[in-house]
Amino acid sequence: MRRVPAAFWFLAPALGALAAFFALPVAASLALSLTDFDIYAIGDAANLRFVGAANYARLLRDPLFWVALGNTLYFVALGGPLSVGASLAAALLVDARLARWKGLFRTLLFLPVVTTLVAVAVVWRYLYHPRVGLFNGVLAALGVAPVDWLGDPRWAMPAIIAMAVWKNFGFNMVIFIAGLQSIPERLYEAARIDGAGAWAQFRHVTVPMLAPTFLFVGISTGIGYFQLFAEPYVMTAGGPGSRTLSIVLLMYRQGFRWWNMGYAAALAFVLFAIILAATWLQWRLRPLEGRT
Amino acid sequence: MAAVAAAAARGPDLSARRLRWLALHAALVAGAAATLLPLVWMVSASLMPAGEAALGPRLLPSAPTLEHYRALLGRMQLWRHAANSAGLASAVTVISLAVNSLAGYAFAKLRFAGRDGLFRALLAAMVVPGQVSMLPLFLMLKGLGLINSYWGVIVPGVASIFAIFLIRQYALSIPDSLLDAARVDGAGELRIFWSIVLPACRPILVTLAVFTFMGTWNDFLWPLVVLSDSDLQTLPVALANLAGEHVQDTELMMAGSVLTVLPVVILFVSLQRYYLQGLMSGAVKG
């Protein structure tokens, strides 16, 4: 019985902080999204009114919300699979049986993950420079006309996706390496005895055995990619013509630039609902174990 | 490529095997080179004389110079922001390690009613994105007078469900008999935590320390919102502001980026064993 009070004191600091700085604000955020909290309410709480679902209704009529939602979905739908694919390809290379200097390659490929997003976004902004950027320099050497990567509405989001894939693929690469190393060698031996070639082994041993890893990587990458913010903030300011405006960037502007906090809270909850739905969908669509 | 390697191991044909070896390593070297190119160019451009990067795409400086680093650290007082970042990251790391290791250990080894339900609820809460709590948190901290202060950055970063989870998973492997023996010997719970649990959890604590330090150092959105006073701003926030004012000064901006990235890269390279192992074990168990 002595242990009961001990557990309380061990948990109190963490749970207290989580309740105060996480659970309470999340609940308050829901309440906030039902009010017209704006710059006048910051000055005087008497200016605060309960407006029900008006913020959510306004959101559905706001063309900028649909633009931001479309951009964010574009980023997730293209960037997510590209990112996971790059991670898997890198993991297969680094973990290949023949590969030497595995630790070195793993570290080098992982390096972008630990770099500061803002700093490398600044770097990439210059790499994408239409006249003097390194990328167009490479294209020119290949005889391709220069592209205004961040200024062309068609290219701005793909350019941000390329940068995000570069920054993030190392993280999932390490997760995939851990997954690959946990596949028992005897499964490959059995497949070889059955006459399976390289592709058949990959298709029927590696991929099914990585199913739990795919699920983890897919869900965590999805959650992260829906929260796109710093890349467009630093590289394009949401432009050109809102083509890289993300939901979180819109929320930041509405909430912290223009102090429309009620509306921004509604945006945050819609983002949360979308993330929840995407996570649930991936969970439901996961391959059942043993289905090979 | 694992498939290619698997096929190579099977094949008795040595020259085909050598060809595969070459192709594999060519791909690895090309991949590593492409990955490092932006970082190499960042360092290289930071050493170019002012204006050289704007002349056209070039990889190496004609006459390397440290003038931009001198300007940033001297005239533009970037060291102040570096000190802010280092101080904040250290404070969050130390406090969060203490708070989360207490909770992680309790969830792993102390018995109390509702423990597993509470833990599952915490894990489920991990799906809530940080942006959802951000707006009211700002208003709360404003009410407490913590906006535009270091505490406004530290306080929300202290308790982490992910950290509690990692420590719990690790602490599960501590044998109960060890803890019970200490209790029989009359050791108090805090004493057991300090002299048995913490030393046993050392590897995961180092891992978490690296994660937390880097995460806080690299964080952008929250410090951007909380720290409006320029003197208090962290390196990434100061760099983003600088990028707005000095768009044309490519070389200066690259030097600023190097100064921002370098500390975390050094930290990672020197402690990568802990970092990567923690990541891999967390992923496999998670």
# chains A, B, ... in the order shown; residues from 1 in each chain; ligands from 1
$ interface_residues --of "chain B" --to "chain A" --cutoff "7 Å" --atoms "only C-alpha atoms" --output "PyMOL selection string"
chain B and resi 1-7+21+24-25+28+32+35+42+54-58+99-100+102-103+106+110-112+128-129+131-133+135-137+156+159+189+218+236+240+254+257+260-261+264-265+280+283-284
$ select_by_dssp --residues "segment 61-269 of chain A" --states "alpha helix (DSSP H)" --output "PyMOL selection string"
chain A and resi 61+63-74+80-94+102-114+117-127+134-141+156-181+185-193+198-201+207-209+211-226+230-235+247-252+261-269
$ atom_distance --atom1 "atom CA of Ala83 of chain B" --atom2 "atom CA of Leu166 of chain B"
29.1 Å
$ atom_distance --atom1 "atom CA of Gly215 of chain B" --atom2 "atom CA of Val92 of chain B"
9.9 Å
$ residues_around --residues "Tyr263 of chain A" --least-positions-apart "6" --cutoff "10 Å" --atoms "only C-alpha atoms" --output "list in words"
Leu32, Ser33, Leu34, Thr35, Asp36, Phe37, Asp38, Ala54, Asn55, Tyr56, Arg58, Leu59, Met251, Gln254 and Gly255 of chain A
$ atom_distance --atom1 "atom CA of Ser281 of chain B" --atom2 "atom CA of Pro199 of chain B"
18.8 Å
$ residues_around --residues "Trp217 of chain B" --least-positions-apart "2" --cutoff "8 Å" --atoms "only C-alpha atoms" --output "list of chain:residue names"
A:Thr116, B:Ser85, B:Ala86, B:Leu88, B:Ala89, B:Phe213, B:Met214, B:Gly215, B:Asp219, B:Thr234, B:Val264
$ write_last_selection --atoms "C-alpha atoms" --output "PDB file, in the first residue's frame"
ATOM      1  CA  THR A 116      17.414  22.939 -38.605  1.00  0.00           C
TER       2      THR A 116
ATOM      3  CA  SER B  85      18.987  28.629 -28.313  1.00  0.00           C
ATOM      4  CA  ALA B  86      21.631  26.785 -26.303  1.00  0.00           C
ATOM      5  CA  LEU B  88      16.617  27.103 -23.870  1.00  0.00           C
ATOM      6  CA  ALA B  89      17.506  23.715 -25.349  1.00  0.00           C
ATOM      7  CA  PHE B 213      17.997  19.145 -27.221  1.00  0.00           C
ATOM      8  CA  MET B 214      17.840  18.907 -31.007  1.00  0.00           C
ATOM      9  CA  GLY B 215      14.065  19.206 -31.107  1.00  0.00           C
ATOM     10  CA  ASP B 219      11.868  24.246 -33.203  1.00  0.00           C
ATOM     11  CA  THR B 234      16.313  31.763 -30.838  1.00  0.00           C
ATOM     12  CA  VAL B 264      23.156  20.051 -33.862  1.00  0.00           C
TER      13      VAL B 264
END
$ residues_around --residues "Tyr69 of chain B" --least-positions-apart "4" --cutoff "8 Å" --atoms "only C-alpha atoms" --output "PyMOL selection string"
chain B and resi 73+252+255-256
$ decode --residues "segment 54-199 of chain A" --atoms "C-alpha atoms" --output "mmCIF file, in the first residue's frame"
data_model
loop_
_atom_site.group_PDB
_atom_site.id
_atom_site.type_symbol
_atom_site.label_atom_id
_atom_site.label_comp_id
_atom_site.auth_asym_id
_atom_site.auth_seq_id
_atom_site.Cartn_x
_atom_site.Cartn_y
_atom_site.Cartn_z
ATOM 1 C CA ALA A 54 -20.278 30.115 -37.263
ATOM 2 C CA ASN A 55 -16.477 29.848 -37.598
ATOM 3 C CA TYR A 56 -16.827 26.424 -39.178
ATOM 4 C CA ALA A 57 -19.526 27.692 -41.530
ATOM 5 C CA ARG A 58 -17.340 30.664 -42.468
ATOM 6 C CA LEU A 59 -14.448 28.300 -43.085
ATOM 7 C CA LEU A 60 -16.463 26.313 -45.608
ATOM 8 C CA ARG A 61 -17.217 29.520 -47.491
ATOM 9 C CA ASP A 62 -13.625 30.819 -47.315
ATOM 10 C CA PRO A 63 -11.956 30.223 -50.695
ATOM 11 C CA LEU A 64 -8.541 30.573 -49.023
ATOM 12 C CA PHE A 65 -9.331 27.620 -46.752
ATOM 13 C CA TRP A 66 -10.083 25.414 -49.758
ATOM 14 C CA VAL A 67 -6.885 26.576 -51.440
ATOM 15 C CA ALA A 68 -4.882 25.793 -48.285
ATOM 16 C CA LEU A 69 -6.604 22.429 -47.906
ATOM 17 C CA GLY A 70 -5.925 21.557 -51.544
ATOM 18 C CA ASN A 71 -2.278 22.581 -51.226
ATOM 19 C CA THR A 72 -1.850 20.603 -48.017
ATOM 20 C CA LEU A 73 -3.464 17.494 -49.532
ATOM 21 C CA TYR A 74 -1.248 17.894 -52.613
ATOM 22 C CA PHE A 75 1.808 18.084 -50.360
ATOM 23 C CA VAL A 76 0.752 15.022 -48.346
ATOM 24 C CA ALA A 77 -0.454 12.931 -51.279
ATOM 25 C CA LEU A 78 2.646 13.477 -53.394
ATOM 26 C CA GLY A 79 5.269 14.193 -50.726
ATOM 27 C CA GLY A 80 4.254 11.385 -48.366
ATOM 28 C CA PRO A 81 4.609 8.450 -50.797
ATOM 29 C CA LEU A 82 7.731 9.988 -52.386
ATOM 30 C CA SER A 83 9.252 10.403 -48.955
ATOM 31 C CA VAL A 84 8.427 6.844 -47.871
ATOM 32 C CA GLY A 85 9.634 5.473 -51.231
ATOM 33 C CA ALA A 86 12.938 7.321 -50.951
ATOM 34 C CA SER A 87 13.330 6.051 -47.390
ATOM 35 C CA LEU A 88 12.710 2.448 -48.403
ATOM 36 C CA ALA A 89 15.063 2.676 -51.390
ATOM 37 C CA ALA A 90 17.794 4.176 -49.213
ATOM 38 C CA ALA A 91 17.243 1.548 -46.505
ATOM 39 C CA LEU A 92 17.479 -1.298 -49.040
ATOM 40 C CA LEU A 93 20.730 0.136 -50.416
ATOM 41 C CA VAL A 94 22.343 0.755 -47.041
ATOM 42 C CA ASP A 95 21.215 -2.578 -45.601
ATOM 43 C CA ALA A 96 22.089 -4.623 -48.703
ATOM 44 C CA ARG A 97 24.169 -7.670 -47.882
ATOM 45 C CA LEU A 98 26.951 -6.612 -50.228
ATOM 46 C CA ALA A 99 27.106 -3.028 -48.957
ATOM 47 C CA ARG A 100 30.212 -1.860 -47.165
ATOM 48 C CA TRP A 101 30.636 1.160 -44.859
ATOM 49 C CA LYS A 102 26.993 0.794 -43.827
ATOM 50 C CA GLY A 103 27.375 2.973 -40.741
ATOM 51 C CA LEU A 104 29.015 5.760 -42.727
ATOM 52 C CA PHE A 105 26.363 5.804 -45.456
ATOM 53 C CA ARG A 106 23.592 5.638 -42.890
ATOM 54 C CA THR A 107 25.000 8.643 -41.039
ATOM 55 C CA LEU A 108 25.536 10.690 -44.201
ATOM 56 C CA LEU A 109 22.036 9.976 -45.506
ATOM 57 C CA PHE A 110 20.570 10.773 -42.096
ATOM 58 C CA LEU A 111 22.295 14.153 -41.783
ATOM 59 C CA PRO A 112 19.480 16.305 -43.297
ATOM 60 C CA VAL A 113 17.098 15.024 -40.600
ATOM 61 C CA VAL A 114 19.035 16.628 -37.766
ATOM 62 C CA THR A 115 19.542 19.941 -39.537
ATOM 63 C CA THR A 116 17.414 22.939 -38.605
ATOM 64 C CA LEU A 117 14.442 23.172 -40.964
ATOM 65 C CA VAL A 118 14.525 26.971 -41.139
ATOM 66 C CA ALA A 119 18.224 27.012 -41.991
ATOM 67 C CA VAL A 120 18.024 24.417 -44.758
ATOM 68 C CA ALA A 121 14.865 26.058 -46.133
ATOM 69 C CA VAL A 122 16.924 29.236 -46.472
ATOM 70 C CA VAL A 123 19.646 27.234 -48.224
ATOM 71 C CA TRP A 124 17.195 25.633 -50.624
ATOM 72 C CA ARG A 125 15.660 28.985 -51.450
ATOM 73 C CA TYR A 126 19.025 29.977 -52.904
ATOM 74 C CA LEU A 127 19.534 26.602 -54.590
ATOM 75 C CA TYR A 128 16.207 27.208 -56.364
ATOM 76 C CA HIS A 129 17.198 30.716 -57.476
ATOM 77 C CA PRO A 130 16.087 31.048 -61.120
ATOM 78 C CA ARG A 131 19.271 32.763 -62.356
ATOM 79 C CA VAL A 132 22.157 31.783 -60.096
ATOM 80 C CA GLY A 133 20.811 28.728 -58.245
ATOM 81 C CA LEU A 134 22.755 25.490 -58.391
ATOM 82 C CA PHE A 135 19.795 23.451 -59.671
ATOM 83 C CA ASN A 136 19.290 25.606 -62.733
ATOM 84 C CA GLY A 137 23.064 25.542 -63.189
ATOM 85 C CA VAL A 138 22.888 21.747 -63.425
ATOM 86 C CA LEU A 139 19.911 21.988 -65.797
ATOM 87 C CA ALA A 140 21.777 24.480 -67.986
ATOM 88 C CA ALA A 141 24.720 22.087 -68.191
ATOM 89 C CA LEU A 142 22.251 19.467 -69.436
ATOM 90 C CA GLY A 143 20.835 21.935 -71.946
ATOM 91 C CA VAL A 144 17.498 22.405 -70.156
ATOM 92 C CA ALA A 145 15.915 25.850 -69.938
ATOM 93 C CA PRO A 146 15.936 27.393 -66.439
ATOM 94 C CA VAL A 147 12.886 26.957 -64.207
ATOM 95 C CA ASP A 148 11.665 29.611 -61.781
ATOM 96 C CA TRP A 149 11.173 26.949 -59.124
ATOM 97 C CA LEU A 150 9.617 28.971 -56.327
ATOM 98 C CA GLY A 151 8.104 31.682 -58.528
ATOM 99 C CA ASP A 152 6.231 29.483 -60.989
ATOM 100 C CA PRO A 153 2.806 28.433 -59.662
ATOM 101 C CA ARG A 154 3.201 24.994 -61.213
ATOM 102 C CA TRP A 155 6.624 24.336 -59.711
ATOM 103 C CA ALA A 156 6.470 25.959 -56.273
ATOM 104 C CA MET A 157 4.790 23.051 -54.471
ATOM 105 C CA PRO A 158 6.827 20.326 -56.212
ATOM 106 C CA ALA A 159 9.937 22.303 -55.240
ATOM 107 C CA ILE A 160 8.826 22.377 -51.608
ATOM 108 C CA ILE A 161 8.035 18.656 -51.784
ATOM 109 C CA ALA A 162 11.516 17.882 -53.130
ATOM 110 C CA MET A 163 13.058 19.828 -50.275
ATOM 111 C CA ALA A 164 10.841 18.098 -47.693
ATOM 112 C CA VAL A 165 11.692 14.643 -49.080
ATOM 113 C CA TRP A 166 15.399 15.498 -48.884
ATOM 114 C CA LYS A 167 15.021 16.746 -45.316
ATOM 115 C CA ASN A 168 12.944 13.822 -44.032
ATOM 116 C CA PHE A 169 13.747 10.587 -45.866
ATOM 117 C CA GLY A 170 16.620 9.686 -43.516
ATOM 118 C CA PHE A 171 14.292 9.343 -40.553
ATOM 119 C CA ASN A 172 12.098 6.654 -42.084
ATOM 120 C CA MET A 173 15.195 5.105 -43.679
ATOM 121 C CA VAL A 174 16.466 4.253 -40.191
ATOM 122 C CA ILE A 175 13.055 2.846 -39.224
ATOM 123 C CA PHE A 176 13.045 0.705 -42.384
ATOM 124 C CA ILE A 177 16.590 -0.508 -41.677
ATOM 125 C CA ALA A 178 15.419 -1.635 -38.234
ATOM 126 C CA GLY A 179 12.482 -3.396 -39.889
ATOM 127 C CA LEU A 180 14.685 -5.071 -42.499
ATOM 128 C CA GLN A 181 17.101 -6.307 -39.858
ATOM 129 C CA SER A 182 14.268 -7.902 -37.909
ATOM 130 C CA ILE A 183 13.266 -10.132 -40.859
ATOM 131 C CA PRO A 184 14.583 -13.652 -40.117
ATOM 132 C CA GLU A 185 17.186 -14.799 -42.630
ATOM 133 C CA ARG A 186 15.560 -18.251 -42.868
ATOM 134 C CA LEU A 187 12.571 -16.735 -44.704
ATOM 135 C CA TYR A 188 14.873 -15.678 -47.535
ATOM 136 C CA GLU A 189 16.556 -19.073 -47.509
ATOM 137 C CA ALA A 190 13.199 -20.818 -47.746
ATOM 138 C CA ALA A 191 12.166 -18.534 -50.604
ATOM 139 C CA ARG A 192 15.410 -19.288 -52.442
ATOM 140 C CA ILE A 193 14.880 -23.027 -52.028
ATOM 141 C CA ASP A 194 11.452 -22.516 -53.567
ATOM 142 C CA GLY A 195 13.224 -20.913 -56.506
ATOM 143 C CA ALA A 196 12.221 -17.304 -55.793
ATOM 144 C CA GLY A 197 14.333 -14.722 -57.606
ATOM 145 C CA ALA A 198 15.412 -11.376 -56.233
ATOM 146 C CA TRP A 199 12.185 -9.584 -57.124
#
